[in-house]
$ cat input_28.cif   # mmCIF, C-alpha atoms
data_data
loop_
_atom_site.label_atom_id
_atom_site.label_comp_id
_atom_site.auth_asym_id
_atom_site.auth_seq_id
_atom_site.Cartn_x
_atom_site.Cartn_y
_atom_site.Cartn_z
CA MET A 1 -31.87 -10.28 13.97
CA SER A 2 -31.64 -12.15 10.68
CA GLN A 3 -32.86 -9.03 8.85
CA ASN A 4 -30.12 -6.93 10.48
CA MET A 5 -27.48 -9.60 9.97
CA THR A 6 -28.42 -9.22 6.30
CA GLY A 7 -27.88 -5.48 6.80
CA LEU A 8 -24.42 -6.13 8.29
CA ASP A 9 -23.66 -8.69 5.57
CA GLY A 10 -24.59 -6.16 2.91
CA TRP A 11 -22.41 -3.53 4.63
CA LEU A 12 -19.50 -5.99 4.77
CA ARG A 13 -19.97 -7.01 1.14
CA GLN A 14 -19.66 -3.39 0.06
CA ALA A 15 -16.84 -2.58 2.47
CA THR A 16 -14.76 -5.57 1.34
CA HIS A 17 -15.42 -5.15 -2.40
CA HIS A 18 -12.21 -5.80 -4.43
CA LEU A 19 -10.20 -6.57 -1.28
CA ALA A 20 -7.92 -9.63 -1.24
CA HIS A 21 -9.27 -12.73 0.50
CA ASP A 22 -7.12 -12.28 3.63
CA SER A 23 -7.83 -8.54 3.84
CA ALA A 24 -11.58 -9.15 3.49
CA ALA A 25 -11.49 -11.84 6.21
CA GLN A 26 -9.68 -9.42 8.53
CA VAL A 27 -12.24 -6.68 7.89
CA ARG A 28 -15.15 -9.08 8.47
CA THR A 29 -13.75 -10.24 11.81
CA GLU A 30 -13.02 -6.77 13.19
CA ILE A 31 -16.28 -5.23 12.03
CA GLN A 32 -18.38 -8.16 13.29
CA GLN A 33 -16.71 -7.89 16.71
CA HIS A 34 -17.28 -4.14 16.71
CA TYR A 35 -20.91 -4.52 15.62
CA GLU A 36 -21.66 -7.11 18.33
CA SER A 37 -20.18 -4.88 21.05
CA ALA A 38 -22.16 -1.85 19.85
CA ARG A 39 -25.32 -3.94 19.72
CA GLU A 40 -24.85 -5.32 23.25
CA ASP A 41 -24.16 -1.84 24.65
CA ALA A 42 -27.32 -0.48 23.00
CA ILE A 43 -29.42 -3.33 24.42
CA ALA A 44 -27.87 -2.78 27.87
CA ALA A 45 -28.86 0.91 27.55
CA GLY A 46 -32.50 -0.12 26.99
CA ALA A 47 -32.82 -0.36 23.20
CA THR A 48 -34.81 -3.17 21.60
CA PRO A 49 -32.78 -5.71 19.56
CA ALA A 50 -34.06 -4.16 16.32
CA GLU A 51 -33.10 -0.64 17.45
CA ALA A 52 -29.73 -1.91 18.65
CA ASP A 53 -29.05 -3.50 15.24
CA ARG A 54 -30.02 -0.31 13.45
CA SER A 55 -27.92 1.98 15.65
CA ALA A 56 -24.88 -0.35 15.42
CA LEU A 57 -25.14 -0.37 11.64
CA THR A 58 -25.67 3.40 11.43
CA ALA A 59 -22.61 4.00 13.64
CA LEU A 60 -20.45 2.12 11.12
CA GLY A 61 -21.25 4.77 8.49
CA ASP A 62 -21.21 4.51 4.72
CA ALA A 63 -19.85 1.15 3.50
CA LYS A 64 -18.52 2.66 0.24
CA THR A 65 -16.51 5.26 2.14
CA ALA A 66 -15.11 2.54 4.39
CA ASN A 67 -14.28 0.45 1.28
CA ARG A 68 -12.34 3.37 -0.26
CA GLN A 69 -10.35 3.75 2.96
CA TYR A 70 -9.76 0.01 3.34
CA ARG A 71 -8.48 -0.20 -0.24
CA ARG A 72 -5.89 2.44 0.60
CA VAL A 73 -4.47 0.43 3.50
CA LEU A 74 -5.18 -3.25 2.78
CA LEU A 75 -4.19 -5.40 -0.21
CA THR A 76 -6.70 -5.57 -3.05
CA ARG A 77 -7.31 -8.68 -5.15
CA SER A 78 -5.15 -7.50 -8.06
CA GLU A 79 -2.29 -6.54 -5.72
CA ALA A 80 -2.43 -9.91 -3.98
CA ARG A 81 -2.38 -11.61 -7.42
CA LEU A 82 0.67 -9.62 -8.52
CA LEU A 83 2.43 -10.42 -5.24
CA ARG A 84 1.70 -14.14 -5.63
CA SER A 85 2.88 -14.26 -9.24
CA SER A 86 6.12 -12.40 -8.43
CA ASN A 87 6.68 -14.74 -5.47
CA ARG A 88 6.34 -17.70 -7.86
CA GLU A 89 8.79 -16.14 -10.35
CA ALA A 90 11.31 -15.44 -7.59
CA GLN A 91 10.99 -19.01 -6.30
CA PHE A 92 11.40 -20.43 -9.82
CA PHE A 93 14.65 -18.58 -10.47
CA CYS A 94 16.12 -18.85 -6.99
CA ALA A 95 15.24 -22.51 -6.35
CA ALA A 96 17.96 -23.93 -8.63
CA HIS A 97 21.58 -22.76 -8.91
CA GLY A 98 21.57 -23.51 -12.67
CA ARG A 99 18.70 -21.09 -13.29
CA LYS A 100 20.43 -18.40 -11.23
CA ARG A 101 23.61 -18.81 -13.31
CA LEU A 102 21.52 -18.65 -16.48
CA LEU A 103 20.28 -15.22 -15.34
CA PHE A 104 23.88 -13.98 -15.09
CA ALA A 105 24.73 -15.55 -18.48
CA ILE A 106 21.99 -13.70 -20.42
CA PRO A 107 23.45 -10.15 -20.12
CA ALA A 108 26.94 -11.50 -20.83
CA LEU A 109 25.72 -13.30 -23.97
CA ALA A 110 23.84 -10.20 -25.13
CA ALA A 111 26.98 -8.09 -24.65
CA LEU A 112 29.01 -10.70 -26.58
CA CYS A 113 26.53 -10.43 -29.48
CA ALA A 114 26.55 -6.63 -29.38
CA ALA A 115 30.33 -6.24 -29.68
CA PRO A 116 30.87 -8.00 -33.06
CA ALA A 117 27.62 -6.55 -34.43
CA TYR A 118 28.89 -3.04 -33.62
CA ALA A 119 32.21 -3.86 -35.25
CA ILE A 120 30.48 -5.07 -38.44
CA ALA A 121 28.12 -2.06 -38.43
CA THR A 122 31.09 0.33 -38.10
CA LEU A 123 33.07 -1.40 -40.85
CA THR A 124 30.15 -1.48 -43.32
CA GLU A 125 28.91 2.06 -42.55
CA PRO A 126 30.44 3.72 -45.66
CA PHE A 127 28.60 1.28 -47.95
CA ALA A 128 25.07 1.88 -46.55
CA SER A 129 24.22 -1.73 -47.30
CA THR A 130 21.60 -4.11 -45.91
CA VAL A 131 24.41 -5.78 -43.96
CA HIS A 132 25.14 -2.48 -42.20
CA ALA A 133 21.48 -1.91 -41.37
CA THR A 134 21.05 -5.45 -40.00
CA ALA A 135 24.30 -5.34 -38.01
CA SER A 136 23.36 -1.95 -36.59
CA LEU A 137 19.93 -3.23 -35.51
CA VAL A 138 21.40 -6.40 -33.94
CA ALA A 139 24.01 -4.30 -32.14
CA ARG A 140 21.43 -1.90 -30.73
CA VAL A 141 19.01 -4.63 -29.64
CA SER A 142 21.80 -6.71 -28.08
CA ALA A 143 23.27 -3.71 -26.25
CA GLY A 144 19.82 -2.75 -24.98
CA ALA A 145 19.16 -6.33 -23.82
CA ALA A 146 22.58 -6.54 -22.14
CA ILE A 147 22.06 -3.29 -20.20
CA LEU A 148 18.45 -4.07 -19.22
CA THR A 149 19.00 -7.68 -18.18
CA GLY A 150 22.28 -6.63 -16.54
CA ILE A 151 20.62 -4.20 -14.12
CA MET A 152 17.70 -6.57 -13.48
CA PHE A 153 19.61 -9.82 -13.05
CA ALA A 154 22.43 -8.28 -11.01
CA VAL A 155 19.98 -7.78 -8.14
CA PRO A 156 21.19 -10.78 -6.07
CA LEU A 157 24.68 -9.20 -6.03
CA LEU A 158 23.51 -5.71 -5.00
CA PRO A 159 22.99 -4.56 -1.37
CA ILE A 160 19.57 -2.99 -2.06
CA TYR A 161 17.43 -4.50 0.67
CA THR A 162 16.61 -1.35 2.63
CA PRO A 163 13.83 1.10 1.61
CA ALA A 164 16.29 3.95 0.85
CA ARG A 165 18.68 1.81 -1.20
CA SER A 166 15.82 0.16 -3.08
CA ARG A 167 14.56 3.63 -4.06
CA ILE A 168 17.98 4.42 -5.52
CA TYR A 169 17.96 1.09 -7.36
CA ARG A 170 14.50 1.73 -8.82
CA ALA A 171 15.53 5.20 -9.98
CA ALA A 172 18.60 3.67 -11.65
CA LYS A 173 16.40 0.97 -13.23
CA TRP A 174 14.03 3.55 -14.78
CA LEU A 175 16.91 5.71 -16.01
CA THR A 176 18.45 2.60 -17.59
CA MET A 177 15.17 1.74 -19.29
CA LEU A 178 14.99 5.25 -20.74
CA ALA A 179 18.61 5.01 -21.87
CA VAL A 180 17.86 1.67 -23.59
CA LEU A 181 14.88 3.23 -25.39
CA VAL A 182 17.13 6.04 -26.61
CA ILE A 183 19.67 3.46 -27.84
CA LEU A 184 17.02 1.34 -29.56
CA PHE A 185 15.16 4.16 -31.23
CA ASP A 186 17.67 6.46 -32.80
CA ARG A 187 16.67 9.07 -35.39
CA ASP A 188 16.12 6.46 -38.14
CA HIS A 189 13.90 4.13 -36.11
CA ARG A 190 11.49 6.47 -34.30
CA ASP A 191 8.58 5.40 -36.53
CA SER A 192 8.35 2.00 -34.83
CA SER A 193 8.82 3.33 -31.29
CA TRP A 194 5.01 3.47 -30.73
CA LEU A 195 5.04 -0.34 -30.44
CA VAL A 196 7.37 -0.32 -27.42
CA PHE A 197 5.75 2.72 -25.82
CA ASN A 198 2.39 0.95 -26.12
CA CYS A 199 3.82 -1.99 -24.19
CA LEU A 200 5.37 0.27 -21.53
CA TRP A 201 2.05 0.81 -19.79
CA ILE A 202 2.25 -2.79 -18.49
CA VAL A 203 5.61 -2.03 -16.86
CA ALA A 204 4.23 1.25 -15.53
CA TRP A 205 1.12 -0.53 -14.14
CA ILE A 206 3.27 -3.16 -12.37
CA GLU A 207 5.44 -0.39 -10.89
CA PHE A 208 2.36 1.54 -9.76
CA THR A 209 0.85 -1.59 -8.15
CA ARG A 210 4.14 -2.42 -6.41
CA THR A 211 4.29 1.14 -5.03
CA SER A 212 0.79 0.69 -3.65
CA ILE A 213 1.72 -2.70 -2.12
CA ARG A 214 4.83 -1.19 -0.49
CA ARG A 215 2.60 1.32 1.33
CA LYS A 216 0.35 -1.45 2.64
CA ILE A 217 2.88 -3.95 3.97
CA PRO A 218 5.19 -3.14 6.91
CA VAL A 219 8.80 -2.88 5.69
CA ALA A 220 9.80 -5.78 7.97
CA ASN A 221 7.43 -8.07 6.02
CA TRP A 222 8.40 -7.01 2.49
CA PRO A 223 9.27 -9.94 0.23
CA LYS A 224 12.57 -9.37 -1.60
CA GLN A 225 10.93 -8.58 -4.95
CA LEU A 226 9.20 -5.51 -3.43
CA TYR A 227 12.61 -3.86 -3.16
CA LEU A 228 13.03 -4.04 -6.96
CA MET B 1 -22.81 19.81 17.71
CA ALA B 2 -20.71 17.12 15.96
CA LEU B 3 -17.51 18.21 14.19
CA ASN B 4 -15.73 16.53 11.34
CA PHE B 5 -12.16 15.99 12.50
CA LYS B 6 -10.77 14.29 9.44
CA GLY B 7 -6.99 14.04 9.62
CA THR B 8 -6.76 14.15 13.41
CA LEU B 9 -8.18 10.65 13.98
CA PRO B 10 -4.72 8.95 13.96
CA THR B 11 -3.48 11.42 16.61
CA LEU B 12 -6.53 10.77 18.79
CA ILE B 13 -6.05 7.02 18.42
CA LEU B 14 -2.39 7.32 19.45
CA GLU B 15 -3.36 9.55 22.40
CA PHE B 16 -5.83 6.93 23.62
CA LEU B 17 -3.40 4.03 23.09
CA ALA B 18 -0.66 5.93 24.97
CA GLN B 19 -2.69 5.15 28.12
CA GLY B 20 -2.64 1.41 27.44
CA PRO B 21 -3.50 -1.29 24.86
CA SER B 22 -7.09 -1.37 23.70
CA HIS B 23 -9.42 -2.67 20.98
CA GLY B 24 -11.18 -0.76 18.21
CA TYR B 25 -14.60 -0.50 19.82
CA ALA B 26 -13.18 0.87 23.10
CA ILE B 27 -11.10 3.42 21.17
CA ALA B 28 -14.15 4.64 19.23
CA GLN B 29 -16.31 4.93 22.34
CA SER B 30 -13.57 6.68 24.29
CA ILE B 31 -13.03 9.34 21.60
CA LYS B 32 -16.76 10.00 21.44
CA SER B 33 -17.35 10.08 25.20
CA ARG B 34 -14.22 12.09 26.12
CA SER B 35 -15.15 14.75 23.54
CA LYS B 36 -18.74 14.67 24.91
CA GLY B 37 -20.02 13.82 21.44
CA VAL B 38 -18.40 16.84 19.76
CA LEU B 39 -15.90 14.72 17.84
CA ASP B 40 -18.15 12.38 15.92
CA PHE B 41 -16.99 9.97 13.25
CA LYS B 42 -18.20 6.88 11.47
CA GLU B 43 -16.82 3.86 13.25
CA GLY B 44 -16.23 1.96 10.00
CA THR B 45 -13.41 4.41 9.23
CA LEU B 46 -11.58 3.76 12.51
CA TYR B 47 -10.04 0.45 11.41
CA PRO B 48 -8.46 1.74 8.17
CA ALA B 49 -6.76 4.41 10.33
CA LEU B 50 -5.59 1.70 12.76
CA HIS B 51 -4.25 -0.44 9.90
CA LYS B 52 -2.38 2.53 8.47
CA LEU B 53 -0.77 3.23 11.85
CA GLU B 54 0.12 -0.45 12.15
CA THR B 55 1.72 -0.61 8.69
CA ALA B 56 3.76 2.49 9.51
CA GLY B 57 4.92 0.80 12.73
CA HIS B 58 3.30 3.32 15.08
CA VAL B 59 1.08 0.67 16.68
CA ASP B 60 1.21 -3.09 16.80
CA SER B 61 -1.55 -5.57 17.46
CA TYR B 62 -2.13 -8.91 19.13
CA GLU B 63 -5.01 -11.31 19.70
CA GLY B 64 -6.67 -11.11 23.10
CA SER B 65 -10.09 -11.64 24.62
CA GLU B 66 -12.66 -9.67 26.61
CA ASN B 67 -15.67 -11.35 28.24
CA ASN B 68 -14.74 -14.59 26.41
CA ARG B 69 -14.92 -12.78 23.08
CA PRO B 70 -11.84 -12.72 20.85
CA ARG B 71 -10.49 -9.20 20.34
CA ARG B 72 -7.67 -7.63 18.40
CA TYR B 73 -5.81 -5.35 20.78
CA TYR B 74 -3.65 -2.47 19.60
CA ARG B 75 -0.75 -0.92 21.50
CA ILE B 76 1.40 2.09 20.79
CA THR B 77 5.05 1.56 19.81
CA LYS B 78 8.12 3.72 20.44
CA SER B 79 7.77 5.39 17.03
CA GLY B 80 4.05 5.93 17.75
CA ARG B 81 4.95 7.79 20.97
CA ALA B 82 7.44 9.92 19.07
CA LEU B 83 4.80 10.73 16.43
CA LEU B 84 2.27 11.55 19.16
CA ALA B 85 4.71 13.96 20.83
CA LYS B 86 5.31 15.67 17.47
CA ASP B 87 1.57 15.86 16.71
CA ARG B 88 0.83 17.27 20.18
CA ALA B 89 3.42 20.03 19.72
CA GLN B 90 2.05 20.87 16.26
CA TRP B 91 -1.51 20.94 17.55
CA ARG B 92 -0.60 23.25 20.47
CA ALA B 93 1.16 25.66 18.12
CA LEU B 94 -1.78 25.63 15.69
CA SER B 95 -4.44 26.02 18.37
CA GLN B 96 -2.51 28.88 20.08
CA ALA B 97 -2.18 30.70 16.76
CA VAL B 98 -5.88 30.29 15.95
CA THR B 99 -6.87 31.36 19.49
CA VAL B 100 -4.74 34.50 19.21
CA ILE B 101 -6.27 35.42 15.84
CA LEU B 102 -9.82 34.69 16.96
CA GLY B 103 -9.20 36.64 20.19
CA GLU B 104 -7.96 39.64 18.21
CA ALA B 105 -10.99 39.43 15.93
CA GLN B 106 -13.31 39.35 18.96
CA ASN B 107 -11.59 42.38 20.52
CA GLU B 108 -11.87 44.35 17.25
CA ALA B 109 -15.59 43.54 17.05
#
$ encode --input "input_28.cif" --output "structure tokens"
Amino acid sequence: MSQNMTGLDGWLRQATHHLAHDSAAQVRTEIQQHYESAREDAIAAGATPAEADRSALTALGDAKTANRQYRRVLLTRSEARLLRSSNREAQFFCAAHGRKRLLFAIPALAALCAAPAYAIATLTEPFASTVHATASLVARVSAGAAILTGIMFAVPLLPIYTPARSRIYRAAKWLTMLAVLVILFDRDHRDSSWLVFNCLWIVAWIEFTRTSIRRKIPVANWPKQLYL
Amino acid sequence: MALNFKGTLPTLILEFLAQGPSHGYAIAQSIKSRSKGVLDFKEGTLYPALHKLETAGHVDSYEGSENNRPRRYYRITKSGRALLAKDRAQWRALSQAVTVILGEAQNEA
């Protein structure tokens, strides 16, 4: 028995590899129950305990295959970590009214910076001076920040909490990000664009992980940040 | 002869659960015994299929017990019944088409 429990333990270790703590616990419980039933049935049918253990383990199949399938339907460790950290961020910003107001103030402040910077850049354009270049850069960065933070921080005011609407919001968010990149990196500044594009993979990875999480949690249980 | 029936496992699970709530082990044994061993599958892959159906809202689950042993029972939902009806219709159409083609091939031979 102990030898075959080791066999089941080994199977479970492989099958739960990379799964989140709760997912792994769920898999352990259901497979152990299944294994015990299969073992009892085999013994009732006349098998020895050792044969029953072996046949119950064989019936479960390849642990790696099961692990691949479990990882498609249950949360993995990295997904659970991302979910926890975004829960903490959401709690931090939504816990206090002051912080919420600060979120609305950021895009407004960025837009306020962008307007005079554009004015200065337009006025100094004929002179091709350092002042024009600096004002133009400040204007572009501020406008980009205003648009980006605007679409992200306006979320509490938008009715996006259904799967269909959240899809529209996400499409708008990605289009906005592309538009901001176009604003930031005009013809004269494409040389430095590699820096931002190198950082974009983090955003893409978070989006990919969130998409995977959305498939694994019933819509009724989605935390609000999964709609973003 | 054991056949690989990858892709049809969720439909078979729904078909079994349409008769009443059950737990994973009973579902696995029922599929194997009702198909007289023709439809064979590795039982470790049954639960991922059940979880996927649950996430999609086609089945739901609750804690129960059988012979003083705790069990997770699964039951089909309204959307699960609708999916089952759709799958049944698709399967009938597919199997009729294949039967016709195979029949024609047999007649030609």
$ interface_residues --input "input_28.cif" --of "chain A" --to "chain B" --cutoff "12 Å" --atoms "all atoms listed in the file" --output "PyMOL selection string"
chain A and resi 8+11-12+14-16+23+26-41+55-75+213-222
$ residues_around --input "input_28.cif" --residues "stretch 10-13 of chain B" --least-positions-apart "6" --cutoff "7 Å" --atoms "only C-alpha atoms" --output "PyMOL selection string"
chain B and resi 27+49+84+87
$ closest_residue --input "input_28.cif" --among "A:Leu137, A:Ala42, A:Thr76, A:Arg167" --to "A:His17" --atoms "only C-alpha atoms"
A:Thr76
$ atom_distance --input "input_28.cif" --atom1 "atom CA of A:His132" --atom2 "atom CA of A:Ala110"
18.8 Å
$ resolve_selection --input "input_28.cif" --expression "the PyMOL selection byres ((chain B and resi 20) around 9)" --output "ChimeraX atom specification"
/B:16-19,21-22,74-76
$ atom_distance --input "input_28.cif" --atom1 "atom CA of B:Ala89" --atom2 "atom CA of B:Ser30"
22.1 Å
$ closest_residue --input "input_28.cif" --among "A:Tyr161, A:Phe185, A:Trp205, A:Phe153" --to "A:Lys173" --atoms "all atoms listed in the file"
A:Phe153
$ atom_distance --input "input_28.cif" --atom1 "atom CA of A:Ser136" --atom2 "atom CA of A:Ile120"
8.0 Å
